[in-house]
Amino acid sequence: MKLNKKSLVSTSIGLALVASLVLANGAQAAAPDRYISVSASGTVKVKPDAVRLNLTVTNVSATSALALSTANNASTKVRAALTANGITTLYIKSTKVSTYPEYNYTAAGGSVLVGYRASQTFEVIVRNADNAGVVVDAVVAAGGDALNVDGVTPYVYDDTLASESARTAAVKKAKAKAASYAKLLGVKLGSVIFLEESSSGSNYPIMMAMAKSADSGATQVDLGQQDVTVSVSTKWTISG
């Protein structure tokens, strides 16, 4: 029998469709249709290894330019105090610079211009957490009344080891939970076919740790503990 071009095209399309269906059916057959799905979390408590300082240098003067210049001078002294206490420029970040008119509001006189306020806000990371109190005292001495310490926050800067420990605990809990379900259901637990991780460090709210030692008058920053948590979602094959 002689085939024309149209017949050859139709035959090729038909073979391609058959091959696609065979592959699709094979893939579906390979995918397990019986499994146990469980989630678990692992948490490790660690001592914070860094402290975040939020600092603001501010000044009110007769003109905006004078206010900014005076605030800049105070900021320079604060930076010098930071570097003198081992804080490199990599961990000193300006987050805001602003100038604006400042008014005094009274019932009798209404709004009265009293000057112009200039401010510069810094975020400083103290990598040596145990030295944070010394750094606070140094910047307060350098900035004087122009400096506000807005926040002192201990936190975990490098959570690599803690996350590894939390991850190990999470996977062990997930496997134990899956094995428990398999026993309850009277089936045999197989291998894991899916795992998804989510992790988080528990960031404590900003806290002022400005307590002074009775003997030396130095500021002490209490580090406490922080939770590093890893959560996993898993699926395990079952048989029997």
# chains A, B, ... in the order shown; residues from 1 in each chain; ligands from 1
>>> residues_around(residues="Gln120 in chain A", least_positions_apart="2", cutoff="12 Å", atoms="only C-alpha atoms", output="ChimeraX atom specification")
/A:54-59,67-76,78-79,93-99,117-118,122-123,143,146-148
>>> select_by_dssp(residues="range 51-141 of chain A", states="strand (DSSP E or B)", output="PyMOL selection string")
chain A and resi 51-61+92-106+110-126
>>> write_last_selection(atoms="N, CA and C atoms", output="compact mmCIF listing (two decimals), in the first residue's frame")
# COMPACT_ATOMS: atom_id res chain seq x y z
N VAL A 51 25.52 42.57 69.43
CA VAL A 51 24.55 43.52 69.97
C VAL A 51 24.36 44.64 68.96
N ARG A 52 23.11 44.95 68.67
CA ARG A 52 22.78 46.06 67.76
C ARG A 52 22.47 47.30 68.58
N LEU A 53 23.19 48.39 68.30
CA LEU A 53 22.93 49.66 68.96
C LEU A 53 22.25 50.61 67.97
N ASN A 54 21.19 51.26 68.40
CA ASN A 54 20.53 52.30 67.62
C ASN A 54 20.79 53.64 68.30
N LEU A 55 21.53 54.50 67.62
CA LEU A 55 21.97 55.77 68.19
C LEU A 55 21.47 56.94 67.36
N THR A 56 21.14 58.04 68.01
CA THR A 56 20.73 59.26 67.32
C THR A 56 21.48 60.45 67.90
N VAL A 57 22.14 61.19 67.01
CA VAL A 57 22.79 62.45 67.38
C VAL A 57 21.88 63.57 66.92
N THR A 58 21.54 64.49 67.82
CA THR A 58 20.59 65.54 67.48
C THR A 58 20.99 66.88 68.10
N ASN A 59 20.59 67.97 67.42
CA ASN A 59 20.92 69.30 67.92
C ASN A 59 19.90 70.30 67.41
N VAL A 60 19.57 71.29 68.24
CA VAL A 60 18.68 72.38 67.84
C VAL A 60 19.47 73.69 67.87
N SER A 61 19.46 74.42 66.74
CA SER A 61 20.18 75.69 66.63
C SER A 61 19.31 76.72 65.92
N ILE A 92 29.18 50.18 61.04
CA ILE A 92 28.59 51.48 61.39
C ILE A 92 27.80 51.96 60.17
N LYS A 93 26.49 52.08 60.32
CA LYS A 93 25.63 52.45 59.19
C LYS A 93 24.73 53.62 59.55
N SER A 94 24.74 54.65 58.72
CA SER A 94 23.79 55.76 58.90
C SER A 94 22.44 55.33 58.31
N THR A 95 21.41 55.46 59.09
CA THR A 95 20.08 55.06 58.62
C THR A 95 19.18 56.26 58.30
N LYS A 96 19.55 57.45 58.84
CA LYS A 96 18.71 58.62 58.57
C LYS A 96 19.47 59.90 58.90
N VAL A 97 19.36 60.89 58.02
CA VAL A 97 19.86 62.24 58.28
C VAL A 97 18.71 63.20 57.99
N SER A 98 18.39 64.10 58.92
CA SER A 98 17.23 64.97 58.71
C SER A 98 17.46 66.34 59.34
N THR A 99 16.85 67.35 58.77
CA THR A 99 16.79 68.70 59.35
C THR A 99 15.36 69.21 59.17
N TYR A 100 14.85 69.88 60.18
CA TYR A 100 13.48 70.40 60.08
C TYR A 100 13.27 71.48 61.14
N PRO A 101 12.33 72.39 60.89
CA PRO A 101 12.04 73.44 61.87
C PRO A 101 11.35 72.86 63.09
N GLU A 102 11.65 73.42 64.24
CA GLU A 102 11.03 72.95 65.48
C GLU A 102 10.23 74.09 66.10
N TYR A 103 9.01 73.76 66.49
CA TYR A 103 8.08 74.76 67.01
C TYR A 103 7.73 74.47 68.45
N ASN A 104 7.40 75.52 69.16
CA ASN A 104 6.87 75.40 70.51
C ASN A 104 5.39 75.80 70.45
N TYR A 105 4.52 74.91 70.88
CA TYR A 105 3.08 75.15 70.81
C TYR A 105 2.55 75.59 72.18
N THR A 106 1.90 76.71 72.20
CA THR A 106 1.26 77.20 73.43
C THR A 106 -0.17 77.61 73.13
N GLY A 110 0.15 80.03 70.12
CA GLY A 110 0.08 79.15 68.97
C GLY A 110 1.46 78.56 68.67
N SER A 111 1.78 78.46 67.39
CA SER A 111 3.05 77.87 66.97
C SER A 111 4.13 78.95 66.91
N VAL A 112 5.20 78.72 67.66
CA VAL A 112 6.31 79.66 67.68
C VAL A 112 7.58 78.92 67.28
N LEU A 113 8.26 79.40 66.25
CA LEU A 113 9.49 78.78 65.80
C LEU A 113 10.59 78.98 66.85
N VAL A 114 11.18 77.87 67.31
CA VAL A 114 12.22 77.97 68.33
C VAL A 114 13.60 77.63 67.76
N GLY A 115 13.65 77.15 66.54
CA GLY A 115 14.93 76.82 65.93
C GLY A 115 14.79 75.70 64.92
N TYR A 116 15.91 75.12 64.58
CA TYR A 116 15.93 74.03 63.60
C TYR A 116 16.66 72.83 64.20
N ARG A 117 16.06 71.66 64.03
CA ARG A 117 16.65 70.44 64.58
C ARG A 117 17.29 69.64 63.45
N ALA A 118 18.51 69.20 63.70
CA ALA A 118 19.22 68.30 62.77
C ALA A 118 19.52 67.01 63.52
N SER A 119 19.35 65.89 62.83
CA SER A 119 19.57 64.58 63.46
C SER A 119 20.25 63.63 62.49
N GLN A 120 21.05 62.75 63.04
CA GLN A 120 21.62 61.64 62.28
C GLN A 120 21.48 60.39 63.11
N THR A 121 20.91 59.35 62.50
CA THR A 121 20.66 58.09 63.20
C THR A 121 21.61 57.02 62.70
N PHE A 122 22.15 56.24 63.63
CA PHE A 122 23.10 55.19 63.30
C PHE A 122 22.60 53.82 63.76
N GLU A 123 22.96 52.81 63.00
CA GLU A 123 22.82 51.42 63.44
C GLU A 123 24.23 50.85 63.54
N VAL A 124 24.58 50.41 64.73
CA VAL A 124 25.94 49.93 64.99
C VAL A 124 25.87 48.47 65.45
N ILE A 125 26.71 47.63 64.86
CA ILE A 125 26.78 46.23 65.26
C ILE A 125 28.04 46.01 66.08
N VAL A 126 27.87 45.58 67.31
CA VAL A 126 28.99 45.24 68.19
C VAL A 126 29.16 43.73 68.10
>>> select_by_dssp(residues="range 86-237 of chain A", states="alpha helix (DSSP H)", output="VMD selection string")
chain A and resid 132 to 143 160 to 185
>>> closest_residue(among="A:Ser239, A:Ser37, A:Asn85, A:Asn131", to="Leu223 in chain A", atoms="only C-alpha atoms")
A:Asn131
>>> closest_residue(among="A:Gly217, A:Gly190, A:Gly133, A:Gly224", to="Val152 in chain A", atoms="only C-alpha atoms")
A:Gly133
>>> residues_around(residues="Gly42 in chain A", least_positions_apart="6", cutoff="10 Å", atoms="only C-alpha atoms", output="PyMOL selection string")
chain A and resi 163-174+199+227-232
>>> atom_distance(atom1="CA of Leu161 in chain A", atom2="CA of Leu90 in chain A")
23.4 Å
>>> closest_residue(among="A:Asp137, A:Glu196, A:Asp222, A:Asp130", to="Ala81 in chain A", atoms="only C-alpha atoms")
A:Asp137
>>> residues_around(residues="Lys188 in chain A", least_positions_apart="5", cutoff="7 Å", atoms="only C-alpha atoms", output="list of chain:residue names")
A:Ala182, A:Ile238, A:Ser239, A:Gly240
>>> closest_residue(among="A:Ser233, A:Thr160, A:Gln220, A:Ser41", to="Ala129 in chain A", atoms="only C-alpha atoms")
A:Gln220
>>> closest_residue(among="A:Ala178, A:Ala141, A:Ala132, A:Leu195", to="Ala50 in chain A", atoms="only C-alpha atoms")
A:Ala132
>>> closest_residue(among="A:Ala62, A:Val221, A:Val187, A:Ala138", to="Thr237 in chain A", atoms="only C-alpha atoms")
A:Val187
>>> decode(residues="range 223-237 of chain A", atoms="C-alpha atoms", output="short mmCIF file (atom, residue, chain, number, x, y, z; two decimals), in the first residue's frame")
data_model
loop_
_atom_site.label_atom_id
_atom_site.label_comp_id
_atom_site.auth_asym_id
_atom_site.auth_seq_id
_atom_site.Cartn_x
_atom_site.Cartn_y
_atom_site.Cartn_z
CA LEU A 223 22.59 39.11 76.69
CA GLY A 224 20.19 36.40 77.86
CA GLN A 225 19.39 33.59 75.40
CA GLN A 226 17.83 33.42 71.95
CA ASP A 227 15.96 30.61 70.20
CA VAL A 228 17.12 29.44 66.78
CA THR A 229 14.40 27.29 65.21
CA VAL A 230 14.33 25.12 62.09
CA SER A 231 11.05 23.59 60.87
CA VAL A 232 10.69 20.84 58.27
CA SER A 233 7.78 19.39 56.32
CA THR A 234 8.35 15.81 55.12
CA LYS A 235 6.70 12.95 53.25
CA TRP A 236 7.64 9.29 53.78
CA THR A 237 6.64 6.29 51.68
#
